[in-house]
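Asker: File work-v1.cif follows (mmCIF, C-alpha atoms; chains and numbers go by the auth columns):
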data_model
#
loop_
_atom_site.group_PDB
_atom_site.id
_atom_site.type_symbol
_atom_site.label_atom_id
_atom_site.label_comp_id
_atom_site.label_asym_id
_atom_site.label_seq_id
_atom_site.Cartn_x
_atom_site.Cartn_y
_atom_site.Cartn_z
_atom_site.B_iso_or_equiv
_atom_site.auth_seq_id
_atom_site.auth_asym_id
ATOM 1 C CA MET A 1 27.570 -4.253 -8.951 0.00 3 A
ATOM 2 C CA LEU A 2 25.139 -1.529 -7.892 0.00 4 A
ATOM 3 C CA GLY A 3 21.854 -2.636 -6.415 0.00 5 A
ATOM 4 C CA GLN A 4 23.005 -6.137 -5.615 0.00 6 A
ATOM 5 C CA ASP A 5 22.415 -7.251 -2.066 0.00 7 A
ATOM 6 C CA ALA A 6 25.060 -9.524 -0.602 0.00 8 A
ATOM 7 C CA GLN A 7 23.791 -10.040 2.942 0.00 9 A
ATOM 8 C CA GLY A 8 20.262 -11.252 2.257 0.00 10 A
ATOM 9 C CA PRO A 9 16.804 -9.707 2.174 0.00 11 A
ATOM 10 C CA THR A 10 16.642 -8.880 5.887 0.00 12 A
ATOM 11 C CA ALA A 11 19.823 -6.817 5.549 0.00 13 A
ATOM 12 C CA VAL A 12 18.245 -5.004 2.601 0.00 14 A
ATOM 13 C CA LEU A 13 15.227 -4.059 4.727 0.00 15 A
ATOM 14 C CA LYS A 14 17.468 -2.989 7.583 0.00 16 A
ATOM 15 C CA SER A 15 19.415 -0.730 5.236 0.00 17 A
ATOM 16 C CA VAL A 16 16.328 0.764 3.583 0.00 18 A
ATOM 17 C CA SER A 17 14.690 1.423 6.939 0.00 19 A
ATOM 18 C CA LYS A 18 17.479 3.901 7.710 0.00 20 A
ATOM 19 C CA LEU A 19 16.238 6.262 4.995 0.00 21 A
ATOM 20 C CA ASP A 20 14.623 9.494 6.161 0.00 22 A
ATOM 21 C CA ASN A 21 11.255 9.107 4.451 0.00 23 A
ATOM 22 C CA THR A 22 10.282 12.691 5.260 0.00 24 A
ATOM 23 C CA LEU A 23 12.685 13.731 2.489 0.00 25 A
ATOM 24 C CA LEU A 24 10.911 11.506 -0.036 0.00 26 A
ATOM 25 C CA SER A 25 7.676 13.360 -0.713 0.00 27 A
ATOM 26 C CA ASN A 26 6.627 11.069 -3.569 0.00 28 A
ATOM 27 C CA GLY A 27 7.206 7.887 -1.580 0.00 29 A
ATOM 28 C CA THR A 28 9.592 5.068 -2.273 0.00 30 A
ATOM 29 C CA LEU A 29 9.579 1.712 -3.965 0.00 31 A
ATOM 30 C CA LEU A 30 11.485 -1.387 -2.967 0.00 32 A
ATOM 31 C CA ASN A 31 11.373 -4.553 -5.030 0.00 33 A
ATOM 32 C CA VAL A 32 12.583 -7.702 -3.323 0.00 34 A
ATOM 33 C CA LYS A 33 12.771 -10.860 -5.397 0.00 35 A
ATOM 34 C CA PHE A 34 12.938 -14.397 -4.050 0.00 36 A
ATOM 35 C CA THR A 35 13.692 -17.579 -5.901 0.00 37 A
ATOM 36 C CA PRO A 36 10.617 -19.850 -5.948 0.00 38 A
ATOM 37 C CA ALA A 37 12.496 -22.611 -4.123 0.00 39 A
ATOM 38 C CA THR A 38 13.063 -20.275 -1.172 0.00 40 A
ATOM 39 C CA LEU A 39 9.332 -19.945 -0.567 0.00 41 A
ATOM 40 C CA GLU A 40 8.254 -23.525 -1.226 0.00 42 A
ATOM 41 C CA GLY A 41 6.036 -25.371 1.201 0.00 43 A
ATOM 42 C CA GLU A 42 5.057 -24.593 4.763 0.00 44 A
ATOM 43 C CA ALA A 43 8.615 -23.677 5.753 0.00 45 A
ATOM 44 C CA GLY A 44 8.838 -21.213 2.874 0.00 46 A
ATOM 45 C CA LEU A 45 5.576 -19.566 3.862 0.00 47 A
ATOM 46 C CA ARG A 46 6.857 -19.272 7.422 0.00 48 A
ATOM 47 C CA LYS A 47 10.081 -17.662 6.160 0.00 49 A
ATOM 48 C CA LEU A 48 8.126 -15.099 4.153 0.00 50 A
ATOM 49 C CA ALA A 49 5.832 -14.331 7.098 0.00 51 A
ATOM 50 C CA ASP A 50 8.833 -13.855 9.413 0.00 52 A
ATOM 51 C CA PHE A 51 10.506 -11.616 6.839 0.00 53 A
ATOM 52 C CA LEU A 52 7.421 -9.397 6.567 0.00 54 A
ATOM 53 C CA ARG A 53 6.950 -9.265 10.341 0.00 55 A
ATOM 54 C CA ALA A 54 10.548 -8.090 10.726 0.00 56 A
ATOM 55 C CA PHE A 55 9.766 -5.093 8.532 0.00 57 A
ATOM 56 C CA TYR A 56 6.154 -4.476 9.604 0.00 58 A
ATOM 57 C CA PRO A 57 5.839 -5.423 13.277 0.00 59 A
ATOM 58 C CA ALA A 58 2.293 -5.911 14.545 0.00 60 A
#
Taking this structure as input, can you express it in the form of structure tokens?
Answerer:
Amino acid sequence: MLGQDAQGPTAVLKSVSKLDNTLLSNGTLLNVKFTPATLEGEAGLRKLADFLRAFYPA
């Protein structure tokens, strides 16, 4: 099925980061959905923070 990630959200970001954004003059959009259970509690918040840091390093 098109658009279905099979290797997880980090693999999606790794794949998207390969795009040459200079060719995309109007920008891009990437929607990533998580099940609520994935982000529950302190551990879930930590997972989300780590995920974002992997894509947007400080």
Asker: I'd like the residues picked by the PyMOL selection byres ((chain A and resi 54-59) around 9) written out as a PyMOL selection string, using the chain letters and numbers from the file.
Answerer: chain A and resi 12+15-16+19+49-53+60
Asker: Just give me the gap between atom CA of Pro38 of chain A and atom CA of Gln9 of chain A in Å, one decimal is fine.
Answerer: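 Computing the Euclidean distance for atom CA of Pro38 of chain A and atom CA of Gln9 of chain A yields 18.7 Å.
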Asker: Would you give the centre and edge lengths, in Å to one decimal, of a box along x, y and z around the listed atoms of segment 7-24 of chain A, with 4 Å added to each side, as AutoDock Vina command-line options?
Answerer:
--center_x 17.7 --center_y 0.7 --center_z 2.8 --size_x 22.8 --size_y 31.9 --size_z 17.8
Asker: List, as a compact mmCIF listing (two decimals) with C-alpha atoms, in the frame of the given file, every residue that the PyMOL selection byres ((chain A and resi 36) around 12) selects in the file provided.
Answerer:
# COMPACT_ATOMS: atom_id res chain seq x y z
CA GLY A 10 20.26 -11.25 2.26
CA PRO A 11 16.80 -9.71 2.17
CA THR A 12 16.64 -8.88 5.89
CA ASN A 33 11.37 -4.55 -5.03
CA VAL A 34 12.58 -7.70 -3.32
CA LYS A 35 12.77 -10.86 -5.40
CA THR A 37 13.69 -17.58 -5.90
CA PRO A 38 10.62 -19.85 -5.95
CA ALA A 39 12.50 -22.61 -4.12
CA THR A 40 13.06 -20.27 -1.17
CA LEU A 41 9.33 -19.94 -0.57
CA GLU A 42 8.25 -23.52 -1.23
CA GLY A 46 8.84 -21.21 2.87
CA LEU A 47 5.58 -19.57 3.86
CA LYS A 49 10.08 -17.66 6.16
CA LEU A 50 8.13 -15.10 4.15
CA PHE A 53 10.51 -11.62 6.84
Asker: Between atom CA of Ser17 of chain A and atom CA of Arg48 of chain A, what is the distance, to one decimal in Å?
Answerer: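 Answer for the atom CA of Ser17 of chain A to atom CA of Arg48 of chain A separation: 22.5 Å.
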Asker: What does the distance from atom CA of Val14 of chain A to atom CA of Asn28 of chain A come to in Å, to one decimal?
Answerer: 20.8 Å
